[in-house]
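Structure first, commentary second.
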Amino acid sequence: MTDSIMAEISDRYRTNQENLLELVSGLSGEQIAWTPNETTPSVGFHVWHLARWADYLQELIHGRGSQLWEIEGLAARWNMETKSLGYAQTGMEMDGSSAAALRMPEKGALLDYARRSFAAAQAAVAKIGDNEFFAVYEGLHGENWHDGQIGPIVITWMTHDNRHLGMVECLVGLQGQSGSADA
């Protein structure tokens with residue numbers, strides 16, 4: 001137990017991502033790509049989406065030009081049409097059919113990107129001290145979430161991650177696999 005609010009938040013943020021990776025690492029490529037219908041995104045979509053948001057968060061903290069997604073030109077390498085990838089190419093605001101139709105790269109490439117973007121975001125969040133909880137960060141696309149205050153932004157990201165973790169658990173269960181994201 002720590003006396004630091006941000007250290008606790010940072011630990012929980014990291015744990016969410018570790019739980020996701022543990023949950024999906026044993027799945028086959030086919031299981032990651034599987035979807036039960038035309039409007040439900042695959043496990044792979046959820047992993048990609050969370051990795052994109054982690055990459056976006058670390059850039060928000062570190063500053064423009066630090067996203068792995070952009071530096072490595074992953075959209076082009078993975079043959080993804082950037083205009084169809086939603087807000088900031090994160091998958092946000094994509095309709096269900098478009099999200100379900102989006103083809104992810106093979107499992108190894110997808111999980112590698114997720115691990116690296118999660119690690120970068122975790123390192124960025126870990127450096128935020130309690131005295132910076134309400135520090136204001138400029139949105140990269142004109143957004144003004146929580147008046148730009150980084151602590152509430154990180155908490156919102158964690159809540160978002162947990163929602164997707166539950167969806168991944170459901171998709172894994174629908175495939176007859178066991179697994180839980182509980183720590």
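Going by the structure tokens order, chains are called A, B, ..., each with residues numbered from 1, while ligands are numbered from 1 in the order shown.
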* Distance query stretch 123-126 of chain A at most 12 Å, only C-alpha atoms, self and fewer than 5 positions along chain excluded, as a PyMOL selection string -> chain A and resi 4-14+54-63+66+116-118+132-133+150-155+157-158
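Residue nearest A:Glu18 within the list A:Ala88, A:Ala51, A:Gln177, A:Glu30: A:Ala51 [criterion: smallest interatomic distance, only C-alpha atoms].
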I'd like the contact shell of stretch 96-109 of chain A - 9 Å cut-off, only C-alpha atoms, skipping same-chain residues fewer than 4 positions apart - returned as a PDB file with N, CA and C atoms, in the first residue's frame.
```pdb
ATOM      1  N   SER A  25      -3.079 -13.638 -24.500  1.00  0.00           N
ATOM      2  CA  SER A  25      -1.829 -14.213 -25.006  1.00  0.00           C
ATOM      3  C   SER A  25      -1.947 -15.693 -25.361  1.00  0.00           C
ATOM      4  N   LEU A  27      -4.618 -17.113 -26.638  1.00  0.00           N
ATOM      5  CA  LEU A  27      -5.564 -17.325 -27.733  1.00  0.00           C
ATOM      6  C   LEU A  27      -4.829 -17.506 -29.051  1.00  0.00           C
ATOM      7  N   SER A  28      -5.424 -18.229 -29.949  1.00  0.00           N
ATOM      8  CA  SER A  28      -4.861 -18.372 -31.295  1.00  0.00           C
ATOM      9  C   SER A  28      -5.188 -17.115 -32.103  1.00  0.00           C
ATOM     10  N   GLY A  29      -4.540 -16.971 -33.219  1.00  0.00           N
ATOM     11  CA  GLY A  29      -4.849 -15.864 -34.118  1.00  0.00           C
ATOM     12  C   GLY A  29      -6.295 -15.886 -34.562  1.00  0.00           C
ATOM     13  N   GLU A  30      -6.829 -17.086 -34.793  1.00  0.00           N
ATOM     14  CA  GLU A  30      -8.217 -17.213 -35.204  1.00  0.00           C
ATOM     15  C   GLU A  30      -9.167 -16.773 -34.089  1.00  0.00           C
ATOM     16  N   ILE A  32      -8.493 -14.594 -31.749  1.00  0.00           N
ATOM     17  CA  ILE A  32      -8.363 -13.146 -31.619  1.00  0.00           C
ATOM     18  C   ILE A  32      -9.177 -12.444 -32.711  1.00  0.00           C
ATOM     19  N   ALA A  33      -9.252 -13.038 -33.879  1.00  0.00           N
ATOM     20  CA  ALA A  33      -9.973 -12.438 -35.009  1.00  0.00           C
ATOM     21  C   ALA A  33     -11.466 -12.769 -35.011  1.00  0.00           C
ATOM     22  N   THR A  35     -15.395 -13.139 -34.442  1.00  0.00           N
ATOM     23  CA  THR A  35     -16.481 -12.266 -34.026  1.00  0.00           C
ATOM     24  C   THR A  35     -17.792 -13.036 -34.149  1.00  0.00           C
ATOM     25  N   ASN A  37     -20.812 -11.945 -34.785  1.00  0.00           N
ATOM     26  CA  ASN A  37     -21.770 -11.433 -35.761  1.00  0.00           C
ATOM     27  C   ASN A  37     -21.158 -10.253 -36.515  1.00  0.00           C
ATOM     28  N   GLU A  38     -21.924  -9.631 -37.353  1.00  0.00           N
ATOM     29  CA  GLU A  38     -21.420  -8.584 -38.249  1.00  0.00           C
ATOM     30  C   GLU A  38     -21.171  -7.240 -37.568  1.00  0.00           C
ATOM     31  N   THR A  39     -21.647  -7.064 -36.351  1.00  0.00           N
ATOM     32  CA  THR A  39     -21.491  -5.762 -35.702  1.00  0.00           C
ATOM     33  C   THR A  39     -20.725  -5.814 -34.379  1.00  0.00           C
ATOM     34  N   THR A  40     -20.227  -6.969 -34.014  1.00  0.00           N
ATOM     35  CA  THR A  40     -19.455  -7.090 -32.774  1.00  0.00           C
ATOM     36  C   THR A  40     -17.979  -7.168 -33.108  1.00  0.00           C
ATOM     37  N   PRO A  41     -17.198  -6.217 -32.616  1.00  0.00           N
ATOM     38  CA  PRO A  41     -15.762  -6.253 -32.900  1.00  0.00           C
ATOM     39  C   PRO A  41     -15.081  -7.460 -32.249  1.00  0.00           C
ATOM     40  N   SER A  42     -14.000  -7.871 -32.845  1.00  0.00           N
ATOM     41  CA  SER A  42     -13.224  -9.017 -32.356  1.00  0.00           C
ATOM     42  C   SER A  42     -12.394  -8.649 -31.135  1.00  0.00           C
ATOM     43  N   GLY A  44      -9.303  -8.873 -31.156  1.00  0.00           N
ATOM     44  CA  GLY A  44      -8.209  -8.112 -31.754  1.00  0.00           C
ATOM     45  C   GLY A  44      -8.519  -6.636 -31.858  1.00  0.00           C
ATOM     46  N   PHE A  45      -9.752  -6.303 -32.228  1.00  0.00           N
ATOM     47  CA  PHE A  45     -10.138  -4.897 -32.286  1.00  0.00           C
ATOM     48  C   PHE A  45      -9.990  -4.256 -30.920  1.00  0.00           C
ATOM     49  N   TRP A  48      -6.334  -3.736 -30.086  1.00  0.00           N
ATOM     50  CA  TRP A  48      -5.812  -2.637 -30.893  1.00  0.00           C
ATOM     51  C   TRP A  48      -6.306  -1.290 -30.364  1.00  0.00           C
ATOM     52  N   TRP A  78       0.004  -2.022 -41.829  1.00  0.00           N
ATOM     53  CA  TRP A  78      -1.068  -2.979 -41.586  1.00  0.00           C
ATOM     54  C   TRP A  78      -2.222  -2.800 -42.573  1.00  0.00           C
ATOM     55  N   ASN A  79      -2.035  -1.982 -43.591  1.00  0.00           N
ATOM     56  CA  ASN A  79      -3.043  -1.747 -44.626  1.00  0.00           C
ATOM     57  C   ASN A  79      -4.374  -1.271 -44.063  1.00  0.00           C
ATOM     58  N   MET A  80      -4.301  -0.344 -43.136  1.00  0.00           N
ATOM     59  CA  MET A  80      -5.509   0.236 -42.559  1.00  0.00           C
ATOM     60  C   MET A  80      -5.710   1.623 -43.139  1.00  0.00           C
ATOM     61  N   SER A  84     -10.846   5.795 -41.924  1.00  0.00           N
ATOM     62  CA  SER A  84     -11.912   4.943 -41.403  1.00  0.00           C
ATOM     63  C   SER A  84     -11.666   4.479 -39.972  1.00  0.00           C
ATOM     64  N   LEU A  85     -10.591   4.954 -39.339  1.00  0.00           N
ATOM     65  CA  LEU A  85     -10.207   4.447 -38.023  1.00  0.00           C
ATOM     66  C   LEU A  85     -10.764   5.252 -36.857  1.00  0.00           C
ATOM     67  N   GLY A  91     -10.081   4.176 -33.165  1.00  0.00           N
ATOM     68  CA  GLY A  91     -11.255   3.310 -33.173  1.00  0.00           C
ATOM     69  C   GLY A  91     -12.459   3.938 -32.496  1.00  0.00           C
ATOM     70  N   TYR A 113       2.736  -4.507 -30.537  1.00  0.00           N
ATOM     71  CA  TYR A 113       2.357  -3.091 -30.467  1.00  0.00           C
ATOM     72  C   TYR A 113       1.656  -2.795 -29.143  1.00  0.00           C
ATOM     73  N   ALA A 114       0.746  -3.659 -28.728  1.00  0.00           N
ATOM     74  CA  ALA A 114       0.029  -3.449 -27.467  1.00  0.00           C
ATOM     75  C   ALA A 114       1.011  -3.409 -26.296  1.00  0.00           C
TER      76      ALA A 114
END
```
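Here atom CA of A:His49 is placed at a distance of 11.7 Å from atom CA of A:Trp69.
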* Report the residues of stretch 69-151 of chain A whose backbone DSSP state falls under strand (DSSP E or B), written as a PyMOL selection string. => chain A and resi 87+92+136+149
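When the distance limit is 8 Å and only C-alpha atoms are what count, the residues near A:Arg115, minus those fewer than 4 positions from it on the same chain, are Leu21, Ala51, Leu111 and Ala119 of chain A.
Using only C-alpha atoms, the contacts of A:Gly139 at a cut-off of 8 Å, with sequence neighbours closer than 4 positions omitted, comprise Leu60, Glu143, Asn144, Trp145 and Gly148 of chain A.
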* So how far away is atom CA of A:Trp53 from atom CA of A:Gln17, in Å? ->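 Calculated distance between atom CA of A:Gln17 and atom CA of A:Trp53 is 11.6 Å.
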